[in-house]
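Have a look at structure_18.cif; it's mmCIF, N, CA, C and O atoms:
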data_model
#
loop_
_atom_site.label_atom_id
_atom_site.label_comp_id
_atom_site.auth_asym_id
_atom_site.auth_seq_id
_atom_site.Cartn_x
_atom_site.Cartn_y
_atom_site.Cartn_z
N MET Z 1 -19.59 15.26 19.41
CA MET Z 1 -18.92 13.99 19.63
C MET Z 1 -19.76 12.84 19.08
O MET Z 1 -19.22 11.94 18.45
N LYS Z 2 -21.06 12.88 19.30
CA LYS Z 2 -21.92 11.81 18.79
C LYS Z 2 -21.92 11.78 17.27
O LYS Z 2 -21.94 10.71 16.67
N ILE Z 3 -21.88 12.95 16.67
CA ILE Z 3 -21.92 13.01 15.20
C ILE Z 3 -20.66 12.37 14.62
O ILE Z 3 -20.72 11.65 13.62
N LYS Z 4 -19.49 12.59 15.26
CA LYS Z 4 -18.25 11.98 14.77
C LYS Z 4 -18.31 10.46 14.87
O LYS Z 4 -17.87 9.76 13.97
N VAL Z 5 -18.86 9.96 15.95
CA VAL Z 5 -18.95 8.51 16.14
C VAL Z 5 -19.91 7.91 15.12
O VAL Z 5 -19.61 6.89 14.49
N ILE Z 6 -21.05 8.53 14.94
CA ILE Z 6 -22.04 8.02 13.98
C ILE Z 6 -21.48 8.06 12.57
O ILE Z 6 -21.61 7.09 11.80
N THR Z 7 -20.80 9.14 12.21
CA THR Z 7 -20.21 9.26 10.89
C THR Z 7 -19.13 8.19 10.68
O THR Z 7 -19.05 7.57 9.62
N SER Z 8 -18.31 7.97 11.69
CA SER Z 8 -17.26 6.95 11.59
C SER Z 8 -17.85 5.56 11.40
O SER Z 8 -17.36 4.78 10.59
N VAL Z 9 -18.91 5.26 12.15
CA VAL Z 9 -19.54 3.94 12.04
C VAL Z 9 -20.13 3.76 10.64
O VAL Z 9 -19.98 2.70 10.03
N ILE Z 10 -20.79 4.77 10.13
CA ILE Z 10 -21.40 4.69 8.79
C ILE Z 10 -20.31 4.49 7.74
O ILE Z 10 -20.47 3.65 6.84
N LEU Z 11 -19.21 5.22 7.85
CA LEU Z 11 -18.13 5.07 6.87
C LEU Z 11 -17.50 3.69 6.95
O LEU Z 11 -17.19 3.07 5.91
N LEU Z 12 -17.29 3.17 8.14
CA LEU Z 12 -16.72 1.84 8.28
C LEU Z 12 -17.66 0.77 7.75
O LEU Z 12 -17.22 -0.20 7.14
N MET Z 13 -18.93 0.93 7.97
CA MET Z 13 -19.91 -0.05 7.48
C MET Z 13 -19.97 -0.04 5.96
O MET Z 13 -20.24 -1.06 5.35
N SER Z 14 -19.73 1.10 5.33
CA SER Z 14 -19.81 1.17 3.88
C SER Z 14 -18.55 0.63 3.21
O SER Z 14 -18.56 0.32 2.03
N VAL Z 15 -17.44 0.51 3.94
CA VAL Z 15 -16.20 0.03 3.36
C VAL Z 15 -16.18 -1.50 3.26
O VAL Z 15 -15.65 -2.06 2.30
N PHE Z 16 -16.75 -2.21 4.22
CA PHE Z 16 -16.68 -3.67 4.23
C PHE Z 16 -17.24 -4.33 2.98
O PHE Z 16 -16.61 -5.24 2.45
N PRO Z 17 -18.38 -3.91 2.43
CA PRO Z 17 -18.85 -4.56 1.19
C PRO Z 17 -17.91 -4.33 0.01
O PRO Z 17 -17.80 -5.16 -0.88
N MET Z 18 -17.19 -3.22 0.00
CA MET Z 18 -16.28 -2.93 -1.10
C MET Z 18 -15.03 -3.79 -1.05
O MET Z 18 -14.37 -4.00 -2.05
N MET Z 19 -14.69 -4.32 0.11
CA MET Z 19 -13.49 -5.13 0.26
C MET Z 19 -13.72 -6.58 -0.17
O MET Z 19 -12.79 -7.37 -0.17
N ALA Z 20 -14.93 -6.93 -0.56
CA ALA Z 20 -15.25 -8.31 -0.91
C ALA Z 20 -14.72 -8.70 -2.29
O ALA Z 20 -14.70 -9.87 -2.62
N GLN Z 21 -14.28 -7.74 -3.08
CA GLN Z 21 -13.79 -8.06 -4.42
C GLN Z 21 -12.38 -8.62 -4.32
O GLN Z 21 -11.55 -8.12 -3.59
N SER Z 22 -12.11 -9.64 -5.09
CA SER Z 22 -10.76 -10.22 -5.09
C SER Z 22 -10.27 -10.35 -6.54
O SER Z 22 -11.03 -10.20 -7.48
N ALA Z 23 -9.01 -10.69 -6.67
CA ALA Z 23 -8.42 -10.86 -7.99
C ALA Z 23 -8.91 -12.16 -8.61
O ALA Z 23 -9.19 -13.12 -7.91
N PRO Z 24 -9.00 -12.21 -9.92
CA PRO Z 24 -9.38 -13.46 -10.58
C PRO Z 24 -8.34 -14.54 -10.29
O PRO Z 24 -7.16 -14.24 -10.09
N PRO Z 25 -8.72 -15.80 -10.29
CA PRO Z 25 -7.79 -16.87 -9.94
C PRO Z 25 -6.63 -17.05 -10.92
O PRO Z 25 -5.60 -17.57 -10.56
N ALA Z 26 -6.76 -16.59 -12.14
CA ALA Z 26 -5.71 -16.80 -13.14
C ALA Z 26 -4.80 -15.58 -13.28
O ALA Z 26 -4.16 -15.39 -14.30
N THR Z 27 -4.73 -14.73 -12.25
CA THR Z 27 -3.91 -13.52 -12.33
C THR Z 27 -2.43 -13.89 -12.19
O THR Z 27 -2.02 -14.44 -11.18
N PRO Z 28 -1.61 -13.58 -13.20
CA PRO Z 28 -0.17 -13.89 -13.09
C PRO Z 28 0.52 -12.86 -12.19
O PRO Z 28 0.39 -11.66 -12.39
N ILE Z 29 1.21 -13.33 -11.20
CA ILE Z 29 1.85 -12.42 -10.25
C ILE Z 29 3.37 -12.50 -10.37
O ILE Z 29 4.08 -11.58 -10.03
N ASP Z 30 3.90 -13.58 -10.91
CA ASP Z 30 5.34 -13.81 -10.84
C ASP Z 30 6.16 -12.95 -11.79
O ASP Z 30 7.12 -12.33 -11.37
N GLY Z 31 5.81 -12.86 -13.04
CA GLY Z 31 6.65 -12.26 -14.07
C GLY Z 31 7.12 -10.85 -13.83
O GLY Z 31 8.21 -10.61 -13.31
N GLY Z 32 6.32 -9.88 -14.21
CA GLY Z 32 6.74 -8.49 -14.12
C GLY Z 32 6.82 -7.97 -12.71
O GLY Z 32 7.63 -7.10 -12.40
N LEU Z 33 6.01 -8.52 -11.82
CA LEU Z 33 6.01 -8.05 -10.44
C LEU Z 33 7.33 -8.35 -9.76
O LEU Z 33 7.86 -7.53 -9.01
N SER Z 34 7.91 -9.49 -10.03
CA SER Z 34 9.21 -9.84 -9.44
C SER Z 34 10.29 -8.87 -9.91
O SER Z 34 11.13 -8.43 -9.12
N ILE Z 35 10.26 -8.53 -11.18
CA ILE Z 35 11.25 -7.59 -11.72
C ILE Z 35 11.07 -6.22 -11.09
O ILE Z 35 12.05 -5.56 -10.72
N LEU Z 36 9.82 -5.77 -10.95
CA LEU Z 36 9.58 -4.47 -10.34
C LEU Z 36 10.01 -4.43 -8.88
O LEU Z 36 10.58 -3.44 -8.42
N LEU Z 37 9.76 -5.50 -8.14
CA LEU Z 37 10.19 -5.55 -6.74
C LEU Z 37 11.71 -5.53 -6.63
O LEU Z 37 12.27 -4.83 -5.77
N ALA Z 38 12.39 -6.27 -7.47
CA ALA Z 38 13.85 -6.28 -7.45
C ALA Z 38 14.41 -4.91 -7.81
O ALA Z 38 15.33 -4.41 -7.15
N ALA Z 39 13.85 -4.29 -8.84
CA ALA Z 39 14.32 -2.96 -9.24
C ALA Z 39 14.07 -1.94 -8.14
O ALA Z 39 14.92 -1.08 -7.87
N GLY Z 40 12.93 -2.03 -7.48
CA GLY Z 40 12.64 -1.12 -6.38
C GLY Z 40 13.58 -1.31 -5.21
O GLY Z 40 14.02 -0.34 -4.58
N GLY Z 41 13.93 -2.55 -4.91
CA GLY Z 41 14.88 -2.82 -3.84
C GLY Z 41 16.26 -2.27 -4.15
O GLY Z 41 16.91 -1.66 -3.30
N ILE Z 42 16.71 -2.49 -5.38
CA ILE Z 42 18.02 -1.97 -5.79
C ILE Z 42 18.03 -0.46 -5.75
O ILE Z 42 19.00 0.16 -5.28
N TYR Z 43 16.98 0.17 -6.22
CA TYR Z 43 16.89 1.63 -6.21
C TYR Z 43 16.90 2.16 -4.77
O TYR Z 43 17.56 3.15 -4.47
N GLY Z 44 16.18 1.48 -3.87
CA GLY Z 44 16.15 1.90 -2.47
C GLY Z 44 17.51 1.81 -1.82
O GLY Z 44 17.93 2.70 -1.07
N VAL Z 45 18.25 0.72 -2.08
CA VAL Z 45 19.59 0.56 -1.52
C VAL Z 45 20.52 1.65 -2.05
O VAL Z 45 21.32 2.23 -1.31
N LYS Z 46 20.41 1.95 -3.35
CA LYS Z 46 21.24 3.00 -3.94
C LYS Z 46 20.96 4.35 -3.29
O LYS Z 46 21.87 5.11 -2.96
N LYS Z 47 19.68 4.65 -3.07
CA LYS Z 47 19.31 5.93 -2.44
C LYS Z 47 19.84 6.01 -1.01
O LYS Z 47 20.31 7.06 -0.57
N LEU Z 48 19.77 4.91 -0.27
CA LEU Z 48 20.29 4.90 1.10
C LEU Z 48 21.80 5.14 1.11
O LEU Z 48 22.31 5.90 1.93
N ARG Z 49 22.51 4.47 0.21
CA ARG Z 49 23.97 4.66 0.15
C ARG Z 49 24.33 6.08 -0.24
O ARG Z 49 25.26 6.67 0.31
N ASP Z 50 23.62 6.65 -1.22
CA ASP Z 50 23.87 8.03 -1.62
C ASP Z 50 23.60 9.00 -0.49
O ASP Z 50 24.31 9.97 -0.28
N HIS Z 51 22.55 8.73 0.27
CA HIS Z 51 22.19 9.62 1.38
C HIS Z 51 23.22 9.56 2.50
O HIS Z 51 23.54 10.57 3.12
N ARG Z 52 23.78 8.38 2.75
CA ARG Z 52 24.78 8.23 3.82
C ARG Z 52 26.12 8.86 3.44
O ARG Z 52 26.90 9.26 4.30
N ARG Z 53 26.42 8.94 2.15
CA ARG Z 53 27.68 9.53 1.70
C ARG Z 53 27.70 11.05 1.89
O ARG Z 53 28.75 11.64 2.04
N LYS Z 54 26.54 11.67 1.87
CA LYS Z 54 26.48 13.13 2.00
C LYS Z 54 26.77 13.60 3.37
O LYS Z 54 26.70 13.16 4.37
#
Could you rewrite the structure in this file as structure tokens?
Amino acid sequence: MKIKVITSVILLMSVFPMMAQSAPPATPIDGGLSILLAAGGIYGVKKLRDHRRK
């Protein structure tokens, strides 16, 4: 039990420094991402409708 707790603490402590990286300030998010989100939503709705018809 102690080994699991110690291992978990060590793994959690090693993850926090890796999360400090962020995207550059000039990253464009609007263009292609909006199209991909819309296409994914449409595809999801189509799959739900197809599944309900069966």
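CA of Arg52 (chain Z) is found 18.4 Å from CA of Gly40 (chain Z).
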Report, as AutoDock Vina command-line options, the centre and edge lengths in Å (one decimal) of the axis-aligned box enclosing every listed atom of region 31-46 of chain Z, padded by 5 Å on each side.
--center_x 13.8 --center_y -3.9 --center_z -7.6 --size_x 26.1 --size_y 28.0 --size_z 23.1
- Hey, can you check how far atom C of Lys46 (chain Z) sits from atom C of Ser34 (chain Z)? 18.2 Å
- atom N of Val45 (chain Z) and atom N of Gly31 (chain Z), how far apart in Å?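 Atom-to-atom, atom N of Gly31 (chain Z) and atom N of Val45 (chain Z) are spaced 21.4 Å apart.
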